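Asker: Next up, my_file-v6.txt (compact mmCIF, C-alpha atoms and all ligand atoms).
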```
# COMPACT_ATOMS: atom_id res chain seq x y z
CA MET Z 298 147.50 124.12 85.78
CA ALA Z 299 144.99 123.91 88.62
CA GLU Z 300 144.29 125.81 91.82
CA VAL Z 301 144.57 123.91 95.10
CA ILE Z 302 141.55 124.58 97.32
CA VAL Z 303 142.05 123.66 100.96
CA ALA Z 304 138.88 122.20 102.47
CA LEU Z 305 138.26 123.74 105.89
CA ASP Z 306 136.26 120.88 107.39
CA GLN Z 307 137.11 121.70 111.00
CA PRO Z 308 134.13 122.10 113.37
CA THR Z 309 134.86 125.69 114.42
CA ALA Z 310 136.08 128.91 112.78
CA ARG Z 311 138.88 129.06 115.34
CA GLU Z 312 140.27 125.70 114.21
CA ALA Z 313 139.67 126.43 110.51
CA LEU Z 314 141.46 129.77 110.70
CA ALA Z 315 144.30 128.22 112.73
CA LEU Z 316 144.93 125.95 109.72
CA VAL Z 317 144.73 128.91 107.32
CA ASP Z 318 147.28 130.76 109.42
CA ARG Z 319 149.68 127.82 109.01
CA LEU Z 320 149.41 128.13 105.22
CA PRO Z 321 151.01 131.43 104.18
CA GLY Z 322 150.13 132.34 100.60
CA LEU Z 323 146.94 130.27 100.65
CA ARG Z 324 144.89 131.31 97.62
CA TRP Z 325 141.65 129.33 97.93
CA ALA Z 326 139.71 127.70 100.76
CA LYS Z 327 136.54 125.65 100.82
CA VAL Z 328 133.89 126.40 103.42
CA GLY Z 329 131.55 123.46 103.80
CA ALA Z 330 128.46 122.67 105.80
CA THR Z 331 130.27 121.68 109.00
CA VAL Z 332 131.82 125.04 109.75
CA PHE Z 333 129.21 127.19 107.94
CA VAL Z 334 126.27 125.78 109.90
CA ARG Z 335 128.05 126.46 113.16
CA GLU Z 336 129.66 129.80 112.37
CA GLY Z 337 127.61 131.40 109.60
CA PRO Z 338 128.91 133.87 107.01
CA GLY Z 339 131.46 135.33 109.46
CA ILE Z 340 133.89 132.61 108.44
CA VAL Z 341 133.68 133.84 104.83
CA GLY Z 342 134.46 137.40 105.94
CA ALA Z 343 137.44 136.21 107.99
CA LEU Z 344 138.85 134.42 104.95
CA ARG Z 345 138.27 137.37 102.63
CA ASP Z 346 140.06 139.61 105.18
CA ARG Z 347 143.07 137.28 104.77
CA GLY Z 348 142.89 137.61 100.96
CA VAL Z 349 141.67 134.03 100.47
CA GLU Z 350 139.20 133.18 97.67
CA VAL Z 351 136.21 131.26 99.00
CA PHE Z 352 134.47 128.20 97.57
CA LEU Z 353 131.18 127.80 99.47
CA ASP Z 354 130.39 124.11 99.17
CA LEU Z 355 126.89 123.64 100.56
CA LYS Z 356 125.75 121.37 97.71
CA TRP Z 357 122.20 122.67 97.41
CA HIS Z 358 119.52 120.16 96.39
CA ASP Z 359 116.00 121.57 96.90
CA ILE Z 360 113.12 122.99 94.88
CA PRO Z 361 114.28 125.64 92.37
CA SER Z 362 112.94 128.67 94.28
CA GLN Z 363 114.80 127.70 97.46
CA VAL Z 364 118.04 127.06 95.64
CA ALA Z 365 117.68 130.37 93.78
CA GLY Z 366 117.31 132.10 97.15
CA ALA Z 367 120.40 130.44 98.56
CA SER Z 368 122.36 131.22 95.41
CA ALA Z 369 121.41 134.91 95.51
CA ALA Z 370 122.35 135.11 99.20
CA ALA Z 371 125.70 133.45 98.49
CA ALA Z 372 126.40 135.86 95.64
CA ALA Z 373 126.19 138.72 98.13
CA LEU Z 374 128.95 137.16 100.29
CA ASP Z 375 131.93 137.97 98.05
CA ILE Z 376 132.69 134.34 97.29
CA ARG Z 377 133.91 132.90 93.97
CA LEU Z 378 132.30 129.48 93.69
CA ALA Z 379 129.24 127.61 94.99
CA THR Z 380 127.81 124.12 94.49
CA VAL Z 381 124.51 122.40 93.79
CA HIS Z 382 123.77 118.69 93.25
CA ALA Z 383 123.11 117.77 89.61
CA LEU Z 384 120.49 115.35 90.94
CA GLY Z 385 118.44 118.42 91.90
CA GLY Z 386 117.52 118.61 88.22
CA LEU Z 387 117.70 120.93 85.25
CA ASP Z 388 115.23 123.54 86.51
CA MET Z 389 116.94 123.74 89.88
CA MET Z 390 120.37 124.17 88.30
CA ARG Z 391 119.09 126.85 85.93
CA ALA Z 392 117.48 128.71 88.84
CA ALA Z 393 120.74 128.57 90.81
CA LYS Z 394 122.74 129.94 87.90
CA GLU Z 395 120.29 132.70 87.10
CA ALA Z 396 120.24 133.94 90.71
CA ALA Z 397 124.02 133.77 91.08
CA GLY Z 398 124.94 136.74 88.86
CA THR Z 399 128.71 136.61 88.36
CA LEU Z 400 129.22 133.96 91.05
CA ARG Z 401 130.24 130.67 89.44
CA VAL Z 402 128.08 127.65 90.18
CA VAL Z 403 129.20 124.08 89.59
CA ALA Z 404 127.29 120.86 90.18
CA VAL Z 405 128.29 117.74 92.06
CA THR Z 406 127.64 114.79 89.75
CA VAL Z 407 128.21 111.72 91.97
CA LEU Z 408 129.82 112.10 95.38
CA THR Z 409 133.36 110.73 95.44
CA SER Z 410 132.37 108.76 98.55
CA HIS Z 411 129.91 106.68 96.50
CA GLY Z 412 130.90 103.32 95.10
CA PRO Z 413 128.72 101.10 92.87
CA ASP Z 414 126.99 99.30 95.76
CA GLU Z 415 125.82 102.47 97.48
CA LEU Z 416 124.78 104.09 94.20
CA GLY Z 417 122.87 100.98 93.12
CA ARG Z 418 121.04 100.98 96.45
CA ILE Z 419 119.95 104.61 96.22
CA PHE Z 420 119.09 104.48 92.50
CA GLY Z 421 117.28 101.15 92.82
CA ARG Z 422 119.13 99.67 89.84
CA GLU Z 423 122.65 98.82 88.82
CA ALA Z 424 124.52 102.11 88.56
CA GLY Z 425 128.21 102.67 87.90
CA PRO Z 426 129.48 105.92 89.47
CA ALA Z 427 131.61 106.79 86.46
CA ARG Z 428 128.81 106.21 83.95
CA GLU Z 429 126.33 108.20 86.03
CA ALA Z 430 128.81 111.03 86.62
CA ILE Z 431 129.48 111.36 82.90
CA ARG Z 432 125.77 111.21 82.07
CA LEU Z 433 125.05 113.90 84.66
CA ALA Z 434 127.84 116.11 83.27
CA GLY Z 435 125.74 116.32 80.10
CA VAL Z 436 122.73 117.51 82.13
CA VAL Z 437 124.93 120.09 83.86
CA ARG Z 438 126.05 121.35 80.44
CA ASP Z 439 122.42 121.63 79.31
CA ALA Z 440 121.64 123.66 82.45
CA GLY Z 441 124.36 126.16 81.55
CA LEU Z 442 126.33 125.85 84.78
CA ASP Z 443 130.02 126.73 84.98
CA GLY Z 444 131.24 123.18 85.47
CA VAL Z 445 131.14 120.14 87.72
CA VAL Z 446 132.57 118.67 90.86
CA THR Z 447 133.65 115.19 89.96
CA SER Z 448 136.09 112.47 90.98
CA PRO Z 449 139.51 112.41 89.36
CA LEU Z 450 138.50 109.22 87.56
CA GLU Z 451 135.75 111.00 85.62
CA ALA Z 452 137.49 114.35 85.15
CA ALA Z 453 138.62 113.66 81.56
CA ALA Z 454 135.15 112.58 80.47
CA ALA Z 455 133.63 115.63 82.20
CA ARG Z 456 136.07 117.88 80.34
CA ALA Z 457 135.06 116.25 77.06
CA ALA Z 458 131.35 116.72 77.87
CA LEU Z 459 131.64 120.32 79.05
CA GLY Z 460 134.24 121.84 76.74
CA PRO Z 461 137.40 123.86 77.31
CA ASP Z 462 135.98 126.70 79.44
CA ALA Z 463 134.32 124.60 82.14
CA TRP Z 464 135.63 124.48 85.69
CA ILE Z 465 136.36 120.86 86.65
CA VAL Z 466 136.58 120.79 90.44
CA VAL Z 467 138.09 117.57 91.73
CA PRO Z 468 138.09 116.23 95.31
CA GLY Z 469 139.32 112.77 96.27
CA ILE Z 470 142.98 113.75 95.83
CA ARG Z 471 145.27 111.21 97.44
CA ALA Z 472 148.95 110.42 96.93
CA ALA Z 473 149.62 106.78 96.02
CA GLY Z 474 149.37 104.64 99.14
CA ALA Z 475 147.92 107.43 101.33
CA ALA Z 476 144.82 106.88 103.50
CA ALA Z 477 141.63 107.23 101.42
CA HIS Z 478 139.39 107.88 104.49
CA ASP Z 479 135.75 107.80 103.26
CA GLN Z 480 136.70 108.55 99.63
CA ARG Z 481 136.25 105.74 97.09
CA ARG Z 482 137.35 107.21 93.75
CA THR Z 483 140.73 108.87 94.24
CA ALA Z 484 143.87 109.83 92.32
CA GLY Z 485 147.01 111.89 92.77
CA ALA Z 486 147.18 115.61 92.01
CA ARG Z 487 149.25 115.26 88.85
CA ASP Z 488 146.87 112.69 87.37
CA ALA Z 489 143.83 114.84 88.19
CA VAL Z 490 145.36 117.87 86.48
CA ALA Z 491 146.38 115.79 83.48
CA ALA Z 492 142.76 114.65 83.24
CA GLY Z 493 141.57 118.25 83.01
CA ALA Z 494 140.96 119.39 86.59
CA THR Z 495 141.00 123.17 87.08
CA HIS Z 496 140.63 123.04 90.88
CA LEU Z 497 141.74 120.35 93.34
CA VAL Z 498 139.86 120.19 96.66
CA VAL Z 499 142.04 118.74 99.40
CA GLY Z 500 141.12 118.36 103.04
CA ARG Z 501 142.52 115.67 105.35
CA PRO Z 502 145.82 115.11 103.51
CA ILE Z 503 146.64 118.73 104.48
CA SER Z 504 144.76 119.22 107.76
CA GLY Z 505 145.96 115.86 109.16
CA ALA Z 506 149.61 116.33 108.21
CA SER Z 507 152.28 117.12 110.76
CA ASP Z 508 153.48 119.86 108.36
CA PRO Z 509 150.40 121.13 106.48
CA ARG Z 510 152.38 123.86 104.76
CA ALA Z 511 154.81 121.38 103.21
CA VAL Z 512 151.94 119.23 101.90
CA TYR Z 513 150.08 122.29 100.54
CA GLU Z 514 153.17 123.59 98.77
CA ARG Z 515 153.95 120.19 97.28
CA LEU Z 516 150.39 119.91 95.96
CA CYS Z 517 150.63 123.40 94.44
CA GLU Z 518 153.82 122.34 92.66
CA GLU Z 519 152.18 119.17 91.39
CA ALA Z 520 149.17 121.18 90.20
CA ALA Z 521 151.27 123.83 88.42
O1 LIG D 1 139.53 115.33 103.32
P1 LIG D 1 139.28 115.18 101.85
O2 LIG D 1 140.46 115.56 101.00
O3 LIG D 1 138.69 113.84 101.50
O4 LIG D 1 138.18 116.28 101.57
C1 LIG D 1 137.54 116.41 100.32
C2 LIG D 1 136.65 117.59 100.33
O5 LIG D 1 135.97 117.62 99.10
C3 LIG D 1 135.58 117.57 101.43
O6 LIG D 1 135.52 118.89 101.94
C4 LIG D 1 134.31 117.18 100.72
O7 LIG D 1 133.17 117.84 101.21
C5 LIG D 1 134.58 117.69 99.29
N1 LIG D 1 133.83 116.96 98.27
C6 LIG D 1 133.95 115.60 98.06
N2 LIG D 1 133.21 114.98 97.08
C7 LIG D 1 132.38 115.69 96.32
C8 LIG D 1 132.23 117.06 96.53
C9 LIG D 1 133.01 117.67 97.51
O8 LIG D 1 134.74 114.96 98.75
N3 LIG D 1 131.71 115.11 95.33
```
Would you mind writing the file's structure down as structure tokens?
Ligand code: C5P

Answerer:
Amino acid sequence: MAEVIVALDQPTAREALALVDRLPGLRWAKVGATVFVREGPGIVGALRDRGVEVFLDLKWHDIPSQVAGASAAAAALDIRLATVHALGGLDMMRAAKEAAGTLRVVAVTVLTSHGPDELGRIFGREAGPAREAIRLAGVVRDAGLDGVVTSPLEAAAARAALGPDAWIVVPGIRAAGAAAHDQRRTAGARDAVAAGATHLVVGRPISGASDPRAVYERLCEEAA
């Protein structure tokens, strides 16, 4: 069973909350950089007022002291989950976790928008996204974080690397034949859950639907 987290990637709080208000019973929402940079922590408060759990996905990747500061500030916002990039390194991840208190912190291994060509270009060598994601899951485990954000295609290997208690947060959820947008490594909700996902992050398949509530409810059923 996994939670469905609706990604609020709209540019304004007004538009993000309009989507939330079309999703009665929404349990979890993701606040990312687009709306947070524009609106600030007020968007988190508005979601908490509606009883929605908040995943603050700002994917920190900076020197350890800066990430610790961000993590401590996030922990004061009454959110449940925050993200760092595993590529920020072991010390940075440890600093994030230590400053977070009871807030869970998970690390992005390899962005689901990265394919082998892009990854090879930025790493300066041949690099398979799946292999790198699985390798980085081991570093995340060594840092003592609560889990990873990873594509559905690497979720099973991440579960094996991190053990039964880890949170495996999976974006790139697409029904067979649906538009992938800028995602490269996708799968359906059922397959992601079968692979060990604990949380599915879904944006455009819900926000772009003519009936977002129907899509959200179907995904919740598939994730149950
Ligand atoms: O619209 P879509 O379903 O592709 O949205 C996926 C969400 O998951 C976005 O909000 C994106 O920021 C997030 N995400 C991702 N890949 C990661 C980490 C987070 O797509 N590695």

Asker: Counting only C-alpha atoms and all ligand atoms, what residues are within 10 Å of ligand LIG 1 (chain D), given as a PyMOL selection string?

Answerer: chain Z and resi 302-307+326-331+354-356+380-382+404-411+445-448+466-471+476-483+497-505

Asker: So how far away is atom CA of Z:Asp375 from atom CA of Z:Val351, in Å?

Answerer: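 Taking atom CA of Z:Val351 as the start and atom CA of Z:Asp375 as the end point, the length is 8.0 Å.
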
Asker: Could you name the residues that touch stretch 308-316 of chain Z at 9 Å or less, counting all atoms listed in the file, but leaving out those on the same chain fewer than 2 positions away, as a list in words?

Answerer: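 Surrounding residues, per the criterion: Leu305, Asp306, Asp318, Arg319, Leu320, Thr331, Val332, Phe333, Arg335, Glu336, Gly339, Ile340, Ala343, Leu344, Ser504 and Pro509 of chain Z.
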
Asker: Calculate how many Å separate atom CA of Z:Ala369 from atom CA of Z:Trp464, rounding to one decimal.

Answerer: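 Here the two named atoms are 20.2 Å from each other.
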
Asker: Edge lengths and centre in Å to one decimal, as lines of an AutoDock Vina configuration file, of the axis-aligned box that encloses all listed atoms of stretch 310-329 of chain Z with 6 Å added on every side?

Answerer:
```
center_x = 141.3
center_y = 127.9
center_z = 106.5
size_x = 31.5
size_y = 20.9
size_z = 29.7
```

Asker: By how many Å are atom CA of Z:Ala434 and atom CA of Z:Asp388 apart?

Answerer: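 If I compute the distance from atom CA of Z:Ala434 to atom CA of Z:Asp388, I get 15.0 Å.
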
Asker: Please return stretch 476-493 of chain Z, rebuilt to N, CA and C atoms, as a PDB file, keeping the file's coordinate frame.

Answerer:
```pdb
ATOM      1  N   ALA Z 476     146.139 107.279 102.992  1.00  0.00           N
ATOM      2  CA  ALA Z 476     144.820 106.880 103.500  1.00  0.00           C
ATOM      3  C   ALA Z 476     143.715 107.517 102.657  1.00  0.00           C
ATOM      4  N   ALA Z 477     142.732 106.705 102.235  1.00  0.00           N
ATOM      5  CA  ALA Z 477     141.630 107.230 101.420  1.00  0.00           C
ATOM      6  C   ALA Z 477     140.529 107.817 102.292  1.00  0.00           C
ATOM      7  N   HIS Z 478     140.479 107.485 103.595  1.00  0.00           N
ATOM      8  CA  HIS Z 478     139.390 107.880 104.490  1.00  0.00           C
ATOM      9  C   HIS Z 478     138.072 107.377 103.908  1.00  0.00           C
ATOM     10  N   ASP Z 479     137.036 108.259 103.795  1.00  0.00           N
ATOM     11  CA  ASP Z 479     135.750 107.800 103.260  1.00  0.00           C
ATOM     12  C   ASP Z 479     135.647 107.996 101.742  1.00  0.00           C
ATOM     13  N   GLN Z 480     136.724 108.369 101.083  1.00  0.00           N
ATOM     14  CA  GLN Z 480     136.700 108.550  99.630  1.00  0.00           C
ATOM     15  C   GLN Z 480     136.848 107.186  98.942  1.00  0.00           C
ATOM     16  N   ARG Z 481     136.174 107.011  97.811  1.00  0.00           N
ATOM     17  CA  ARG Z 481     136.250 105.740  97.090  1.00  0.00           C
ATOM     18  C   ARG Z 481     136.946 105.875  95.736  1.00  0.00           C
ATOM     19  N   ARG Z 482     136.840 107.062  95.128  1.00  0.00           N
ATOM     20  CA  ARG Z 482     137.350 107.210  93.750  1.00  0.00           C
ATOM     21  C   ARG Z 482     138.409 108.314  93.792  1.00  0.00           C
ATOM     22  N   THR Z 483     139.654 107.904  93.977  1.00  0.00           N
ATOM     23  CA  THR Z 483     140.730 108.870  94.240  1.00  0.00           C
ATOM     24  C   THR Z 483     141.831 108.790  93.184  1.00  0.00           C
ATOM     25  N   ALA Z 484     142.661 109.831  93.153  1.00  0.00           N
ATOM     26  CA  ALA Z 484     143.870 109.830  92.320  1.00  0.00           C
ATOM     27  C   ALA Z 484     144.817 110.889  92.859  1.00  0.00           C
ATOM     28  N   GLY Z 485     146.030 110.878  92.379  1.00  0.00           N
ATOM     29  CA  GLY Z 485     147.010 111.890  92.770  1.00  0.00           C
ATOM     30  C   GLY Z 485     146.772 113.205  92.046  1.00  0.00           C
ATOM     31  N   ALA Z 486     147.395 114.270  92.566  1.00  0.00           N
ATOM     32  CA  ALA Z 486     147.180 115.610  92.010  1.00  0.00           C
ATOM     33  C   ALA Z 486     147.601 115.697  90.547  1.00  0.00           C
ATOM     34  N   ARG Z 487     148.765 115.157  90.237  1.00  0.00           N
ATOM     35  CA  ARG Z 487     149.250 115.260  88.850  1.00  0.00           C
ATOM     36  C   ARG Z 487     148.271 114.588  87.874  1.00  0.00           C
ATOM     37  N   ASP Z 488     147.789 113.410  88.261  1.00  0.00           N
ATOM     38  CA  ASP Z 488     146.870 112.690  87.370  1.00  0.00           C
ATOM     39  C   ASP Z 488     145.572 113.465  87.194  1.00  0.00           C
ATOM     40  N   ALA Z 489     145.080 114.076  88.284  1.00  0.00           N
ATOM     41  CA  ALA Z 489     143.830 114.840  88.190  1.00  0.00           C
ATOM     42  C   ALA Z 489     143.992 116.035  87.252  1.00  0.00           C
ATOM     43  N   VAL Z 490     145.125 116.702  87.354  1.00  0.00           N
ATOM     44  CA  VAL Z 490     145.360 117.870  86.480  1.00  0.00           C
ATOM     45  C   VAL Z 490     145.512 117.412  85.036  1.00  0.00           C
ATOM     46  N   ALA Z 491     146.218 116.317  84.841  1.00  0.00           N
ATOM     47  CA  ALA Z 491     146.380 115.790  83.480  1.00  0.00           C
ATOM     48  C   ALA Z 491     145.032 115.420  82.871  1.00  0.00           C
ATOM     49  N   ALA Z 492     144.092 115.031  83.725  1.00  0.00           N
ATOM     50  CA  ALA Z 492     142.760 114.650  83.240  1.00  0.00           C
ATOM     51  C   ALA Z 492     141.871 115.866  82.979  1.00  0.00           C
ATOM     52  N   GLY Z 493     142.349 117.054  83.339  1.00  0.00           N
ATOM     53  CA  GLY Z 493     141.570 118.250  83.010  1.00  0.00           C
ATOM     54  C   GLY Z 493     141.038 119.026  84.192  1.00  0.00           C
TER      55      GLY Z 493
END
```
